[in-house]
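To be precise, the following lines are target.txt, and they hold compact mmCIF, C-alpha atoms.
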# COMPACT_ATOMS: atom_id res chain seq x y z
CA MET A 1 46.39 24.40 -1.77
CA ARG A 2 45.01 27.74 -2.98
CA MET A 3 46.97 30.03 -5.22
CA LYS A 4 48.31 33.20 -3.70
CA PRO A 5 46.14 36.01 -5.04
CA ALA A 6 47.66 38.46 -7.53
CA ALA A 7 49.13 41.84 -6.63
CA PRO A 8 46.04 44.08 -6.93
CA PHE A 9 44.45 41.92 -4.31
CA THR A 10 45.43 44.39 -1.59
CA GLN A 11 43.18 42.96 1.08
CA VAL A 12 45.43 39.97 1.43
CA LEU A 13 47.24 39.62 4.71
CA SER A 14 49.66 37.03 5.86
CA LEU A 15 48.30 33.97 7.59
CA SER A 16 49.52 35.08 10.98
CA ALA A 17 47.99 38.55 10.63
CA ALA A 18 44.68 37.06 9.56
CA LEU A 19 44.76 34.71 12.50
CA ALA A 20 45.41 37.57 14.86
CA LEU A 21 42.43 39.45 13.47
CA SER A 22 39.98 36.61 13.36
CA GLY A 23 41.11 34.63 16.35
CA VAL A 24 40.36 31.49 14.37
CA THR A 25 42.61 28.51 13.99
CA THR A 26 43.52 27.93 10.38
CA PRO A 27 44.83 24.63 9.08
CA ALA A 28 48.56 24.35 8.99
CA GLY A 29 49.87 24.99 5.52
CA ALA A 30 46.90 27.06 4.43
CA ALA A 31 47.68 29.85 2.02
CA ASP A 32 47.00 33.51 2.63
CA THR A 33 43.44 34.43 3.38
CA ILE A 34 41.29 37.54 3.05
CA ALA A 35 41.74 40.21 5.69
CA GLY A 36 39.58 39.62 8.71
CA GLN A 37 37.87 36.52 7.33
CA PRO A 38 38.28 33.06 8.79
CA ASP A 39 39.46 30.73 6.04
CA ILE A 40 36.68 28.25 5.32
CA SER A 41 37.81 27.69 1.74
CA GLY A 42 38.47 24.19 0.49
CA VAL A 43 36.55 21.07 -0.37
CA TRP A 44 34.21 19.57 2.20
CA ALA A 45 32.26 16.32 2.42
CA HIS A 46 29.34 15.29 4.59
CA ALA A 47 30.84 13.81 7.75
CA PHE A 48 29.44 10.30 7.48
CA PRO A 49 30.57 7.96 10.26
CA ARG A 50 33.64 5.96 9.28
CA PRO A 51 33.27 2.23 9.79
CA GLY A 52 35.59 0.94 12.49
CA GLN A 53 36.47 4.37 13.83
CA PRO A 54 35.30 5.73 17.17
CA ALA A 55 32.41 8.15 16.97
CA ASP A 56 33.42 11.81 17.12
CA PRO A 57 30.74 13.77 19.02
CA ARG A 58 31.64 16.91 17.07
CA LEU A 59 30.49 15.20 13.89
CA ASP A 60 27.32 13.70 15.30
CA THR A 61 24.36 15.74 14.10
CA GLY A 62 21.87 13.27 15.56
CA PRO A 63 18.54 12.58 13.90
CA LEU A 64 16.97 15.42 11.95
CA PRO A 65 14.72 17.39 14.32
CA SER A 66 11.13 16.97 13.24
CA PRO A 67 10.00 20.00 11.22
CA PRO A 68 7.36 21.99 13.16
CA LEU A 69 4.92 21.92 10.25
CA LYS A 70 1.43 23.38 10.57
CA PRO A 71 -1.11 20.53 10.75
CA ALA A 72 -2.24 20.72 7.11
CA TYR A 73 1.37 20.58 5.87
CA MET A 74 2.29 17.83 8.34
CA ALA A 75 -0.64 15.82 6.96
CA GLU A 76 0.55 16.49 3.40
CA TRP A 77 4.11 15.38 4.23
CA THR A 78 2.94 12.28 6.12
CA ALA A 79 0.73 11.26 3.20
CA LEU A 80 3.58 11.78 0.74
CA ARG A 81 5.92 9.62 2.81
CA ALA A 82 3.31 6.88 3.05
CA LYS A 83 2.88 6.99 -0.74
CA GLN A 84 6.67 6.79 -1.23
CA LYS A 85 6.95 3.88 1.19
CA ALA A 86 4.18 1.96 -0.59
CA ALA A 87 5.81 2.65 -3.97
CA ASP A 88 9.18 1.46 -2.66
CA GLU A 89 7.55 -1.73 -1.39
CA ARG A 90 6.10 -2.33 -4.88
CA GLY A 91 9.57 -1.82 -6.35
CA GLU A 92 8.40 1.21 -8.31
CA PRO A 93 9.82 4.19 -6.40
CA THR A 94 8.29 7.58 -7.04
CA ALA A 95 10.49 9.76 -9.22
CA GLY A 96 12.36 12.36 -7.21
CA LEU A 97 14.29 15.25 -8.69
CA GLU A 98 17.37 13.12 -9.31
CA ALA A 99 15.45 10.51 -11.29
CA ARG A 100 14.49 13.42 -13.56
CA CYS A 101 18.08 14.71 -13.84
CA LEU A 102 17.29 17.84 -11.85
CA PRO A 103 19.38 19.37 -9.05
CA ASP A 104 18.01 19.42 -5.51
CA GLY A 105 18.65 23.11 -4.69
CA MET A 106 18.68 24.81 -1.30
CA PRO A 107 18.83 23.64 1.42
CA SER A 108 19.13 20.00 0.24
CA LEU A 109 22.43 20.53 -1.57
CA MET A 110 24.07 21.53 1.73
CA PHE A 111 23.61 17.92 2.90
CA ALA A 112 26.65 17.44 0.65
CA ILE A 113 26.35 13.82 -0.29
CA TYR A 114 28.75 14.96 -3.00
CA PRO A 115 31.59 17.31 -2.05
CA LEU A 116 31.13 21.04 -1.52
CA GLU A 117 33.80 23.49 -2.62
CA VAL A 118 33.97 26.81 -0.79
CA LEU A 119 35.74 29.71 -2.50
CA GLN A 120 36.44 33.03 -0.80
CA THR A 121 37.04 36.09 -2.94
CA PRO A 122 36.61 39.78 -2.03
CA GLY A 123 32.95 40.48 -1.34
CA ARG A 124 31.83 36.96 -2.14
CA VAL A 125 31.74 33.42 -0.85
CA THR A 126 30.89 30.82 -3.47
CA ILE A 127 29.72 27.32 -2.62
CA ILE A 128 29.71 24.71 -5.34
CA GLU A 129 28.24 21.24 -4.89
CA GLU A 130 29.78 18.63 -7.13
CA ALA A 131 26.45 16.99 -8.01
CA PHE A 132 24.97 18.95 -10.91
CA SER A 133 27.72 21.60 -10.32
CA GLN A 134 25.18 23.47 -8.21
CA THR A 135 26.43 26.94 -7.35
CA ARG A 136 25.48 29.28 -4.53
CA ARG A 137 26.80 32.84 -4.57
CA VAL A 138 26.80 34.59 -1.21
CA TYR A 139 27.19 38.36 -1.60
CA LEU A 140 28.94 39.79 1.46
CA ASP A 141 27.72 42.93 3.18
CA GLU A 142 24.93 43.62 0.72
CA PRO A 143 21.31 44.23 1.70
CA GLN A 144 18.83 41.38 1.30
CA GLY A 145 15.66 41.85 -0.72
CA LYS A 146 12.13 41.35 0.55
CA VAL A 147 10.03 38.19 0.54
CA GLY A 148 7.96 38.21 -2.64
CA ASP A 149 10.35 40.57 -4.40
CA VAL A 150 13.28 38.19 -4.89
CA GLU A 151 13.11 36.02 -8.01
CA PRO A 152 12.48 32.43 -6.92
CA GLY A 153 15.04 29.83 -7.91
CA TYR A 154 16.69 26.58 -6.88
CA TYR A 155 19.37 28.31 -4.79
CA GLY A 156 17.67 31.57 -3.86
CA HIS A 157 19.38 34.91 -3.29
CA SER A 158 22.00 34.81 -0.56
CA VAL A 159 23.73 37.64 1.28
CA GLY A 160 26.19 37.17 4.09
CA HIS A 161 28.40 38.78 6.68
CA TRP A 162 30.99 37.62 9.18
CA ASP A 163 29.88 37.53 12.80
CA GLY A 164 33.05 36.67 14.69
CA ASP A 165 34.15 33.30 13.41
CA ALA A 166 30.82 32.51 11.71
CA LEU A 167 29.72 33.33 8.19
CA VAL A 168 26.06 34.26 8.53
CA VAL A 169 24.17 33.61 5.30
CA ASP A 170 20.64 34.84 4.66
CA THR A 171 18.76 33.19 1.81
CA LEU A 172 15.41 34.15 0.27
CA GLY A 173 13.71 33.33 -3.03
CA LEU A 174 13.36 29.56 -3.05
CA LYS A 175 11.01 28.15 -5.62
CA GLU A 176 7.99 26.52 -4.04
CA SER A 177 7.74 23.95 -6.82
CA VAL A 178 11.18 22.49 -5.99
CA PRO A 179 10.69 19.69 -3.43
CA GLY A 180 12.02 20.69 -0.02
CA TYR A 181 14.73 18.95 1.95
CA ARG A 182 13.54 15.35 2.44
CA ASP A 183 10.38 16.42 0.63
CA ILE A 184 9.34 18.57 3.59
CA PRO A 185 6.82 21.15 2.40
CA HIS A 186 8.01 24.74 2.07
CA SER A 187 6.62 27.93 0.58
CA ASP A 188 7.87 30.93 -1.37
CA GLU A 189 8.20 32.70 1.99
CA GLU A 190 10.96 30.33 3.10
CA HIS A 191 13.85 32.20 4.68
CA ILE A 192 17.03 30.36 5.66
CA ILE A 193 19.70 31.65 8.02
CA GLU A 194 22.95 29.72 8.18
CA ARG A 195 25.89 30.10 10.53
CA ILE A 196 28.87 28.45 8.87
CA ARG A 197 32.05 28.12 10.92
CA LEU A 198 35.08 25.96 11.52
CA ILE A 199 34.78 23.94 14.70
CA ASP A 200 38.20 22.42 14.04
CA PRO A 201 40.70 23.24 11.29
CA ASP A 202 39.31 20.29 9.31
CA ILE A 203 35.66 20.30 10.41
CA LEU A 204 33.10 22.78 9.10
CA GLU A 205 29.64 23.23 10.60
CA ASP A 206 26.51 24.72 9.05
CA GLN A 207 23.87 25.57 11.64
CA MET A 208 20.72 26.14 9.63
CA THR A 209 17.50 27.83 10.75
CA VAL A 210 14.50 27.78 8.47
CA GLU A 211 11.68 30.28 8.87
CA ASP A 212 8.55 29.83 6.81
CA PRO A 213 5.50 31.52 8.33
CA LYS A 214 3.12 29.95 5.78
CA VAL A 215 4.19 26.38 6.49
CA LEU A 216 6.01 26.20 9.83
CA GLU A 217 4.63 26.85 13.31
CA ARG A 218 8.00 28.20 14.40
CA PRO A 219 11.58 28.32 13.11
CA TRP A 220 13.18 24.93 12.50
CA SER A 221 16.89 24.38 13.13
CA PHE A 222 19.25 21.60 12.20
CA ARG A 223 22.93 21.16 11.59
CA PHE A 224 25.22 19.77 8.92
CA VAL A 225 28.85 18.92 9.59
CA TYR A 226 31.56 18.42 6.98
CA ARG A 227 35.04 16.95 6.89
CA ARG A 228 37.78 18.59 4.87
CA MET A 229 38.80 16.65 1.74
CA LYS A 230 42.46 17.57 1.59
CA GLY A 231 43.85 17.90 -1.90
CA TYR A 232 40.60 16.88 -3.61
CA HIS A 233 39.93 18.26 -7.08
CA MET A 234 36.25 18.69 -7.85
CA LEU A 235 34.91 16.65 -10.75
CA GLU A 236 32.45 17.78 -13.40
CA TYR A 237 28.86 16.59 -13.29
CA VAL A 238 26.61 16.85 -16.31
CA CYS A 239 23.39 14.85 -16.16
CA GLU A 240 23.54 13.56 -19.73
CA ASN A 241 22.53 9.91 -19.69
CA ASN A 242 19.53 9.26 -17.49
CA ARG A 243 18.29 5.74 -18.15
CA GLU A 244 15.76 5.96 -15.38
CA TYR A 245 12.34 7.01 -16.54
CA THR A 246 8.99 7.75 -15.00
CA ASP A 247 5.81 5.98 -16.05
CA GLN A 248 2.36 7.58 -16.16
CA ASN A 249 1.78 6.60 -12.53
CA GLY A 250 4.96 8.36 -11.40
CA GLY A 251 6.91 5.14 -10.86
CA THR A 252 10.61 4.97 -11.70
CA HIS A 253 11.96 2.27 -14.00
CA LEU A 254 15.27 1.41 -15.59
CA GLN A 255 15.40 1.67 -19.35
CA LEU A 256 17.38 -1.28 -20.62
CA GLY A 257 20.23 -0.40 -22.94
CA SER A 258 20.45 -0.88 -26.68
CA HIS A 259 22.81 -3.65 -27.67
CA MET B 260 50.57 17.57 -4.03
CA THR B 261 52.82 14.56 -3.60
CA LYS B 262 51.79 11.11 -4.80
CA GLU B 263 51.50 9.92 -1.22
CA ALA B 264 49.31 12.86 -0.27
CA SER B 265 47.21 12.18 -3.32
CA ALA B 266 46.81 8.51 -2.46
CA GLN B 267 46.03 9.44 1.12
CA ALA B 268 43.40 11.91 -0.06
CA ALA B 269 41.87 9.29 -2.32
CA ALA B 270 41.76 6.75 0.51
CA LEU B 271 40.22 9.32 2.80
CA CYS B 272 37.57 10.22 0.26
CA ALA B 273 36.75 6.62 -0.49
CA CYS B 274 36.33 5.96 3.18
CA ALA B 275 34.30 9.05 3.88
CA LEU B 276 31.93 8.41 1.03
CA ALA B 277 31.98 4.65 1.06
CA TRP B 278 28.42 4.01 2.05
CA ALA B 279 27.01 7.12 0.45
CA GLY B 280 26.93 5.08 -2.70
CA PRO B 281 25.27 6.45 -5.78
CA ALA B 282 22.54 8.14 -3.86
CA LEU B 283 21.61 11.73 -3.86
CA ALA B 284 19.57 12.63 -0.87
CA HIS B 285 16.21 11.49 -2.17
CA HIS B 286 17.10 8.74 -4.58
CA SER B 287 15.34 5.47 -3.90
CA PHE B 288 16.79 2.19 -5.15
CA ALA B 289 13.65 0.22 -4.42
CA MET B 290 13.36 -1.05 -7.99
CA PHE B 291 16.30 -3.34 -7.21
CA ASP B 292 16.30 -6.47 -5.05
CA HIS B 293 18.95 -5.92 -2.40
CA VAL B 294 18.42 -9.32 -0.80
CA HIS B 295 18.58 -11.82 -3.65
CA ARG B 296 21.91 -10.76 -5.12
CA VAL B 297 23.22 -12.56 -8.17
CA THR B 298 26.55 -12.82 -9.94
CA ILE B 299 26.53 -12.63 -13.73
CA SER B 300 29.49 -13.07 -16.06
CA GLY B 301 29.79 -12.00 -19.65
CA THR B 302 31.20 -9.62 -22.23
CA VAL B 303 30.86 -5.85 -22.03
CA THR B 304 28.93 -4.56 -25.05
CA ARG B 305 28.70 -0.95 -23.90
CA PHE B 306 30.24 1.15 -21.12
CA ASP B 307 28.79 4.61 -20.44
CA TRP B 308 30.94 6.68 -18.06
CA THR B 309 28.20 9.25 -17.55
CA ASN B 310 26.06 11.01 -14.98
CA PRO B 311 23.73 10.52 -13.28
CA HIS B 312 24.88 6.89 -13.45
CA VAL B 313 27.54 4.80 -15.08
CA TYR B 314 26.03 1.94 -17.11
CA ILE B 315 27.49 -1.37 -18.19
CA ASP B 316 25.67 -3.43 -20.80
CA LEU B 317 26.68 -7.05 -20.56
CA ALA B 318 26.08 -10.03 -22.88
CA VAL B 319 25.68 -13.03 -20.60
CA PRO B 320 25.67 -16.58 -22.05
CA ASP B 321 22.69 -18.54 -20.78
CA ALA B 322 22.22 -22.27 -20.17
CA LYS B 323 20.40 -22.81 -23.50
CA GLY B 324 23.30 -21.58 -25.61
CA GLY B 325 21.75 -18.17 -26.06
CA VAL B 326 22.70 -14.79 -24.70
CA SER B 327 20.91 -12.60 -22.13
CA ARG B 328 21.61 -8.91 -22.36
CA TYR B 329 21.81 -7.13 -19.03
CA THR B 330 21.92 -3.45 -18.21
CA ILE B 331 23.78 -2.71 -14.99
CA GLU B 332 23.33 0.61 -13.25
CA CYS B 333 26.39 1.75 -11.29
CA ALA B 334 27.06 4.76 -9.10
CA SER B 335 28.13 8.05 -10.72
CA PRO B 336 31.57 8.72 -12.22
CA ASN B 337 32.23 10.98 -9.24
CA VAL B 338 31.50 8.31 -6.64
CA LEU B 339 33.33 5.61 -8.61
CA THR B 340 36.37 7.84 -9.08
CA ARG B 341 36.58 8.25 -5.33
CA VAL B 342 36.68 4.47 -4.85
CA GLY B 343 39.36 3.87 -7.47
CA TRP B 344 37.64 3.55 -10.85
CA LYS B 345 38.68 5.44 -13.98
CA PHE B 346 36.81 6.35 -17.15
CA ASN B 347 38.70 3.55 -18.92
CA THR B 348 38.57 0.91 -16.19
CA VAL B 349 36.08 -1.05 -18.28
CA ARG B 350 36.19 -1.40 -22.07
CA VAL B 351 33.87 -2.90 -24.65
CA GLY B 352 34.87 -6.54 -25.16
CA ASP B 353 36.11 -7.04 -21.59
CA LYS B 354 35.05 -10.27 -19.93
CA VAL B 355 33.84 -9.33 -16.46
CA SER B 356 31.70 -10.67 -13.67
CA ALA B 357 29.32 -8.53 -11.68
CA LEU B 358 27.60 -9.00 -8.35
CA ILE B 359 24.29 -7.20 -8.83
CA ASN B 360 21.03 -6.42 -7.09
CA PRO B 361 18.66 -7.59 -9.86
CA LEU B 362 15.62 -5.63 -11.00
CA ARG B 363 12.61 -6.70 -8.97
CA ASN B 364 10.39 -6.76 -12.04
CA GLY B 365 12.41 -9.65 -13.49
CA GLU B 366 13.83 -7.71 -16.43
CA PRO B 367 17.51 -8.34 -17.23
CA GLY B 368 19.05 -5.49 -15.31
CA GLY B 369 20.33 -4.57 -11.90
CA MET B 370 22.37 -2.33 -9.69
CA LEU B 371 26.06 -3.09 -9.32
CA GLU B 372 27.62 -4.08 -5.99
CA THR B 373 31.04 -5.23 -7.18
CA LEU B 374 32.70 -5.76 -10.54
CA THR B 375 35.58 -8.14 -11.21
CA THR B 376 37.63 -6.96 -14.19
CA PRO B 377 39.70 -9.16 -16.58
CA ASP B 378 42.85 -8.60 -14.49
CA GLY B 379 41.09 -10.15 -11.49
CA LYS B 380 40.61 -6.89 -9.57
CA THR B 381 37.34 -6.46 -7.73
CA LEU B 382 35.96 -2.94 -7.69
CA SER B 383 33.26 -1.71 -5.38
CA ASP B 384 30.28 0.31 -6.51
CA SER B 385 30.27 1.61 -2.93
CA ASN B 386 26.68 0.65 -2.36
CA PRO B 387 25.65 0.43 1.24
CA PRO B 388 25.02 -3.01 2.67
CA GLY B 389 21.41 -3.90 1.99
CA GLY B 390 20.94 -0.86 -0.18
CA VAL B 391 18.82 0.97 2.33
CA PHE B 392 18.58 4.71 1.96
CA GLU B 393 16.79 7.07 4.22
CA ARG B 394 14.42 9.33 2.40
Please re-express this file's structure in structure tokens.
Amino acid sequence: MRMKPAAPFTQVLSLSAALALSGVTTPAGAADTIAGQPDISGVWAHAFPRPGQPADPRLDTGPLPSPPLKPAYMAEWTALRAKQKAADERGEPTAGLEARCLPDGMPSLMFAIYPLEVLQTPGRVTIIEEAFSQTRRVYLDEPQGKVGDVEPGYYGHSVGHWDGDALVVDTLGLKESVPGYRDIPHSDEEHIIERIRLIDPDILEDQMTVEDPKVLERPWSFRFVYRRMKGYHMLEYVCENNREYTDQNGGTHLQLGSH
Amino acid sequence: MTKEASAQAAALCACALAWAGPALAHHSFAMFDHVHRVTISGTVTRFDWTNPHVYIDLAVPDAKGGVSRYTIECASPNVLTRVGWKFNTVRVGDKVSALINPLRNGEPGGMLETLTTPDGKTLSDSNPPGGVFER
């Protein structure tokens, strides 16, 4: 589905040559790829089970492994979940990022409840999540900065390199004030290593390891798996009309429309 | 891409994302009653094809000869597109009926489950059964 790159793009090899170099199976009909890089480009969606279809063990990520939080942070997370549960039972859910029209950032966006588009260009892999048009730029073969010296943000600073068939992505600089994945506490020392690879021409895996010496007892690993969305064109997403609002107690309500 | 491939892709996407519904990872829909579902019928007074949610405002005749005005929260344009909606699927003035999960606080609003349009088509909002989302 991708366009053949223009002439100055000298790194381009034919599909067969790229396959020979990488040893990776590429989907039939894929266009040329970048020399020596497995082709993970395309649009991907979280591999939810499909009703009525047999379970595919390759897609089964199992329950999220419990985060090995230090006791104080485990207590904080447990209390937060209890507060959310009580609020849900009252029918006044606490306002998460989405209820405030804010993106969820790394690593939550890699859950990919909305599609992810992966683009491969020389020296760069770009990952765009459809929700909020969140964009991650992974700079290939560049040095990573140091904890505390990388500007904190929603997506952090990511560098990457190819290790065999896996794109290894190293991310630092995640803003502590942005709620963590499933509201799990994290700090500004959070460091995420991902190994992203095709486990089938149409299945992409992201093996994620989170290190956070302030908050975690030890590294915490989990896995996301995606299905290819063949031929899908990404849609825009601008959060322009949020009719949910938060009251002074942090509860979410629906603002009824004007008529 | 051929039309067939396109239709196939759309079917695939709808299927893959069917129960993902309007949720982002941490969005709770606990303000809605997912058990006591109701069907309301009326005239569309406003249709917002917007993120983070699509909204339908509906004027619903009541038993006393008056009109109740409902606000219906739907999934996002992205999710609805993947299950067959378009930006112009619903228009102001359309007479529609909606199966909704009403607001638990009793106000005239709810979350859409399915919408039946004037041509008799029933469209899903792709909400999961029971509306349960893991936090």
key: Exercise answer, chain A residues close to chain B, 9 Å and all atoms listed in the file, as a ChimeraX atom specification   = /A:1,45-51,81,84,87-99,101,104,108-109,111-114,130-132,181-183,227,229-232,234-243,252-259
inquiry  = So that I can check the surroundings of A:Ser187, please list as a PyMOL selection string every protein, DNA and RNA residue that reaches within 8 Å of it, counting all atoms listed in the file and ignoring chain neighbours fewer than 3 positions away.
reply    = chain A and resi 174-176+190+212+214-215
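Of note, atom CA of A:Ala72 and atom CA of A:Gly180 are spaced 15.9 Å apart.
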query = Taking all atoms listed in the file into account, which of A:Gln248, A:Ser66, A:Thr61, A:Ser177 comes nearest A:Pro219?
reply =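 That would be A:Ser66, the residue with the smallest distance to A:Pro219.
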task = Could you jot down the atom CA of B:Ser300 to atom CA of B:Ala357 separation for me, Å, one decimal place?
result =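 Distance between the two atoms: 6.3 Å.
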key: Shortest interatomic distance to B:Glu372 - which of B:Leu339, B:Cys333, B:Val319, B:Val351, counting only C-alpha atoms   = B:Cys333
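For the set B:Thr381, B:Ser356, B:Thr302, B:Asn347, the residue with the smallest atom-to-atom gap to B:Val326 is B:Thr302, counting all atoms listed in the file.
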request  = Would you mind telling me which residue in A:Pro143, A:Pro63, A:Pro71, A:Pro179 lies nearest to A:Pro107 when using all atoms listed in the file?
outcome  =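 So, comparing all the options, the nearest one is A:Pro179.
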query = Which one of A:Arg223, A:Lys85, A:Arg228, A:Arg218 sits closest to A:Gly62 if you count only C-alpha atoms?
reply =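 Nearest candidate to A:Gly62 out of A:Arg223, A:Lys85, A:Arg228, A:Arg218: A:Arg223.
Note that atom CA of B:Ile299 and atom CA of B:Gly325 are 14.3 Å apart.
Here the question is which of A:Thr33, A:Thr171, A:Thr209, A:Ser221 gets nearest to A:Met106 using all atoms listed in the file, and that residue is A:Thr171.
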Kindly list the centre and edge lengths in Å, rounded to one decimal, for the axis-aligned box that covers all listed atoms of stretch 352-357 of chain B plus 8 Å on each of its six sides, as JSON.
{"center_x": 32.7, "center_y": -8.6, "center_z": -18.4, "size_x": 22.8, "size_y": 20.1, "size_z": 29.5}
